[in-house]
There are 2 protein chains.
Amino acid sequence: MQRIKETIDQIKPLDEDAMMLAKERLDFLTKPKESLGMLEDLAQKVVGITGNIVPKIKDKAIVTMAGDHGVVEEGVSTYPQEVTPQMVYNFIRGGAGINVLARHIGARVVVVDMGVAVDLEGHQDLINKKVGYGTKNIARGAAMSYEDAIKSIEAGIEVFEEELKRVDIIGIGDMGIGNTTPSSAIVAAITGEKAEKVTGKGTGIDDIVFENKVKVVKRALEVNKPDPFDAIDVLAKVGGFEIGGLAGVVLASARHRTPVVIDGFISSAGALIASELAPLARQYMIASHLSAEIGHKIILERMGLRPLFDLRMRLGEGTGAALGMSIVEAGVKILTEMATYADAGVSEAKL
Amino acid sequence: MQRIKETIDQIKPLDEDAMMLAKERLDFLTKPKESLGMLEDLAQKVVGITGNIVPKIKDKAIVTMAGDHGVVEEGVSTYPQEVTPQMVYNFIRGGAGINVLARHIGARVVVVDMGVAVDLEGHQDLINKKVGYGTKNIARGAAMSYEDAIKSIEAGIEVFEEELKRVDIIGIGDMGIGNTTPSSAIVAAITGEKAEKVTGKGTGIDDIVFENKVKVVKRALEVNKPDPFDAIDVLAKVGGFEIGGLAGVVLASARHRTPVVIDGFISSAGALIASELAPLARQYMIASHLSAEIGHKIILERMGLRPLFDLRMRLGEGTGAALGMSIVEAGVKILTEMATYADAGVSEAKL
């Protein structure tokens with residue numbers, strides 16, 4: 001717990017003086033004031049996060065964390081659990097959606113085993129932070145012990161500090177068959193929303209499986225009674241190892257003043273845990289897309305984040321975050337590369 | 001008119017067989033079916049447009065067309081007319097918003113003088129297709145002759161055929177002080193919407209200037225009585241040279257089976273002219289963003305296009321198109337670079 005506490009204690013608010021200087025520069029660029037909308041907001045935010053009024057986005061990484069979920073016993077997914085390790089190998093070989101989109105935007109993918117149910121073959125591109133061999137079934141009891149919840153968050157902080165500390169921007173993503181179910185339970189537990197409002201169709205289940213899934217989320221809440229005022233208790237009782245790991249990455253990003261781009265529903269559940277532990281961490285988050293998963297909107301509203309786009313994506317892995325990172329980079333380049341009216345000899349608007 | 005007619009006659013529907021093959025492949029990739037949402041739709045669309053089931057997007061260009069507008073006499077913009085040529089020089093020097101975003105996505109910018117009010121210094125990166133020295137004031141009469149409207153569309157076709165024929169994807173953008181006013185008049189003329197519904201604040205005018213602008217749009221329609229069933233008449237009476245040029249680029253893109261990514265309000269007014277002349281051309285268009293300019297939504301709905309994102313941008317130049325092109329490219333790479341279930345040894349969903 002000490003490492004989490006230290007990390008949270010060192011999260012500071014954004015650098016507002018730097019943001020004001022960035023805003024001034026944005027207003028002198030050869031375009032009508034604020035005409036690049038959210039690109040300008042993103043540039044200012046990165047300045048506030050980094051404290052650098054000429055931020056550079058060169059080294060980009062997407063951290064994709066994998067874990068398994070005992071709740072798959074309840075038949076909440078159409079995919080078998082073996083897909084989690086198979087997809088981890090797919091990430092390492094570069095064939096998954098996140099690999100394609102990461103290459104497209106010039107980012108590397110950092111793959112972490114937070115709690116896959118089987119041992120994975122060692123590989124130089126796979127980080128082993130396994131906290132356990134999958135969580136227990138949340139419909140029957142706690143997903144993990146309180147200690148393991150702490151360990152999963154601390155593992156996320158370690159991943160950041162060991163692998164990502166020099167990165168200019170981070171995206172976060174997830175892989176774990178069944179992990180929309182604990183994510184829905186986390187959101188319901190923390191926000192008090194009903195299970196029906198925060199449970200979606202995940203990878204694409206039919207109505208019968210969906211009805212069962214809603215019941216499973218309800219049961220997980222009834223059986224475990226997570227304490228909404230203790231995010232670690234929520235994570236322990238109805239969460240997942242990769243979700244805790246992502247919460248840790250978000251906390252460390254905020255502490256080390258690095259913009260962190262959130263992907264979809266599961267990543268946002270991790271970010272929500274981080275934001276409950278450290279409300280200031282929200283200032284370091286950038287929401288990329290609005291997922292097709294219905295509970296996502298509720299998390300983003302809770303954290304006061306507006307997504308950049310909605311392309312009806314619901315894959316996870318960090319795929320939405322990858323596209324979002326490219327838009328953030330575009331905003332930063334507007335600030336740092338565009339000519340001013342004076343540079344370009346362009347007349348300004350009449351007041 | 002012959003060149004326009006020939007171009008339109010050769011526009012064919014999308015290749016639906018190729019699109020079905022693309023859909024089959026998309027469903028075999030290592031992701032839940034349709035979980036990449038509009039990225040998958042975009043990939044299919046590019047396949048249908050090009051007829052190639054393994055399309056490549058390598059050579060990308062944004063064509064930014066500039067023209068002046070006599071209607072600035074009516075005080076519809078806060079910027080002086082001299083800004084149009086100043087911004088053209090800014091484009092050529094690489095300091096404008098479109099240059100930054102084009103570099104970000106790896107596209108080149110093709111700058112065309114369609115009708116700037118002054119002679120521009122020759123430059124290897126500037127294409128001269130000047131149809132006139134700015135349009136006439138549409139509040140008092142026609143913007144241009146019917147012949148010049150044809151000439152402007154044909155110039156756009158020429159630009160495509162001379163400069164862009166080998167390009168894999170095209171974005172279109174505009175520059176012209178005052179050009180939201182003719183764009184609003186075009187939309188009102190073609191859709192029958194009231195001036196109030198299609199007139200926005202352009203580069204950022206105040207309420208008094210805005211009220212005047214609405215009156216100017218109304219007057220332009222009353223004075224000129226454009227024929228809603230003759231898009232060339234609409235262009236001649238209340239349009240602009242760069243708007244006609246962009247319509248020509250869109251027609252040629254459709255004829256030569258090249259995806260064309262539309263930017264904001266003015267580009268969409270050009271695309272609307274093209275779509276009225278050749279409804280099939282709509283199938284070749286991809287809407288990038290929803291502009292903050294209120295009439296934009298009405299054009300996109302009229303053409304049946306759904307924008308990819310809304311970042312409250314309203315700069316024009318092709319800036320939204322640039323970001324959109326990168327998303328289209330991402331969709332194509334998903335189709336062509338992702339591993340299938342069989343390739344990756346990943347188990348499929350149970351049915």
# chains A, B, ... in the order shown; residues from 1 in each chain; ligands from 1

$ residues_around --residues "region 33-44 of chain B" --least-positions-apart "6" --cutoff "9 Å" --atoms "only C-alpha atoms" --output "number ranges by chain"
A: 97, 203-204, 292, 310-316, 319; B: 18-23, 26-27, 53, 55, 286, 308, 327-336

$ select_by_dssp --residues "region 50-248 of chain B" --states "helix (DSSP H, G or I)" --output "ChimeraX atom specification"
/B:50,70-74,83-93,97-105,146-164,180-191,195-198,207-224,231-238,241-248

$ closest_residue --among "B:Phe28, B:Tyr79, B:Phe265, B:Tyr341" --to "chain A" --atoms "only C-alpha atoms"
B:Tyr79

$ residues_around --residues "Lys213 (chain B)" --least-positions-apart "4" --cutoff "8 Å" --atoms "only C-alpha atoms" --output "list of chain:residue names"
B:Gly75, B:Val76, B:Thr181, B:Thr199, B:Val209, B:Val217

$ write_last_selection --atoms "all heavy atoms" --output "CSV table (one decimal), in the first residue's frame"
chain,number,residue,atom,x,y,z
B,75,GLY,N,-19.7,43.0,-45.5
B,75,GLY,CA,-19.3,42.9,-44.1
B,75,GLY,C,-19.6,41.6,-43.5
B,75,GLY,O,-20.1,41.5,-42.3
B,76,VAL,N,-19.5,40.5,-44.2
B,76,VAL,CA,-19.9,39.2,-43.6
B,76,VAL,C,-18.8,38.4,-42.9
B,76,VAL,O,-19.0,37.4,-42.3
B,76,VAL,CB,-20.4,38.2,-44.7
B,76,VAL,CG1,-21.8,38.7,-45.2
B,76,VAL,CG2,-19.5,38.1,-45.9
B,181,THR,N,-20.5,32.3,-46.5
B,181,THR,CA,-21.7,32.9,-47.0
B,181,THR,C,-22.3,32.3,-48.3
B,181,THR,O,-23.4,31.8,-48.3
B,181,THR,CB,-21.5,34.4,-47.1
B,181,THR,OG1,-21.2,35.0,-45.8
B,181,THR,CG2,-22.8,35.1,-47.6
B,199,THR,N,-26.9,29.1,-41.8
B,199,THR,CA,-25.9,30.1,-41.7
B,199,THR,C,-25.3,30.1,-40.3
B,199,THR,O,-26.0,30.1,-39.3
B,199,THR,CB,-26.5,31.5,-42.0
B,199,THR,OG1,-27.2,31.5,-43.2
B,199,THR,CG2,-25.5,32.6,-42.0
B,209,VAL,N,-22.9,41.1,-36.7
B,209,VAL,CA,-22.4,40.7,-38.0
B,209,VAL,C,-23.2,39.4,-38.5
B,209,VAL,O,-23.5,39.3,-39.6
B,209,VAL,CB,-20.9,40.4,-38.0
B,209,VAL,CG1,-20.4,39.9,-39.3
B,209,VAL,CG2,-20.1,41.7,-37.5
B,217,VAL,N,-27.5,36.3,-46.9
B,217,VAL,CA,-27.8,35.0,-47.6
B,217,VAL,C,-29.2,35.0,-48.2
B,217,VAL,O,-29.5,34.6,-49.3
B,217,VAL,CB,-27.7,33.8,-46.6
B,217,VAL,CG1,-28.2,32.5,-47.1
B,217,VAL,CG2,-26.2,33.7,-46.1

$ select_by_dssp --residues "region 110-232 of chain B" --states "strand (DSSP E or B)" --output "NGL selection string"
:B and (110-115 or 126-128 or 169-175)

$ atom_distance --atom1 "CA of Ala66 (chain B)" --atom2 "CA of Val88 (chain B)"
7.3 Å
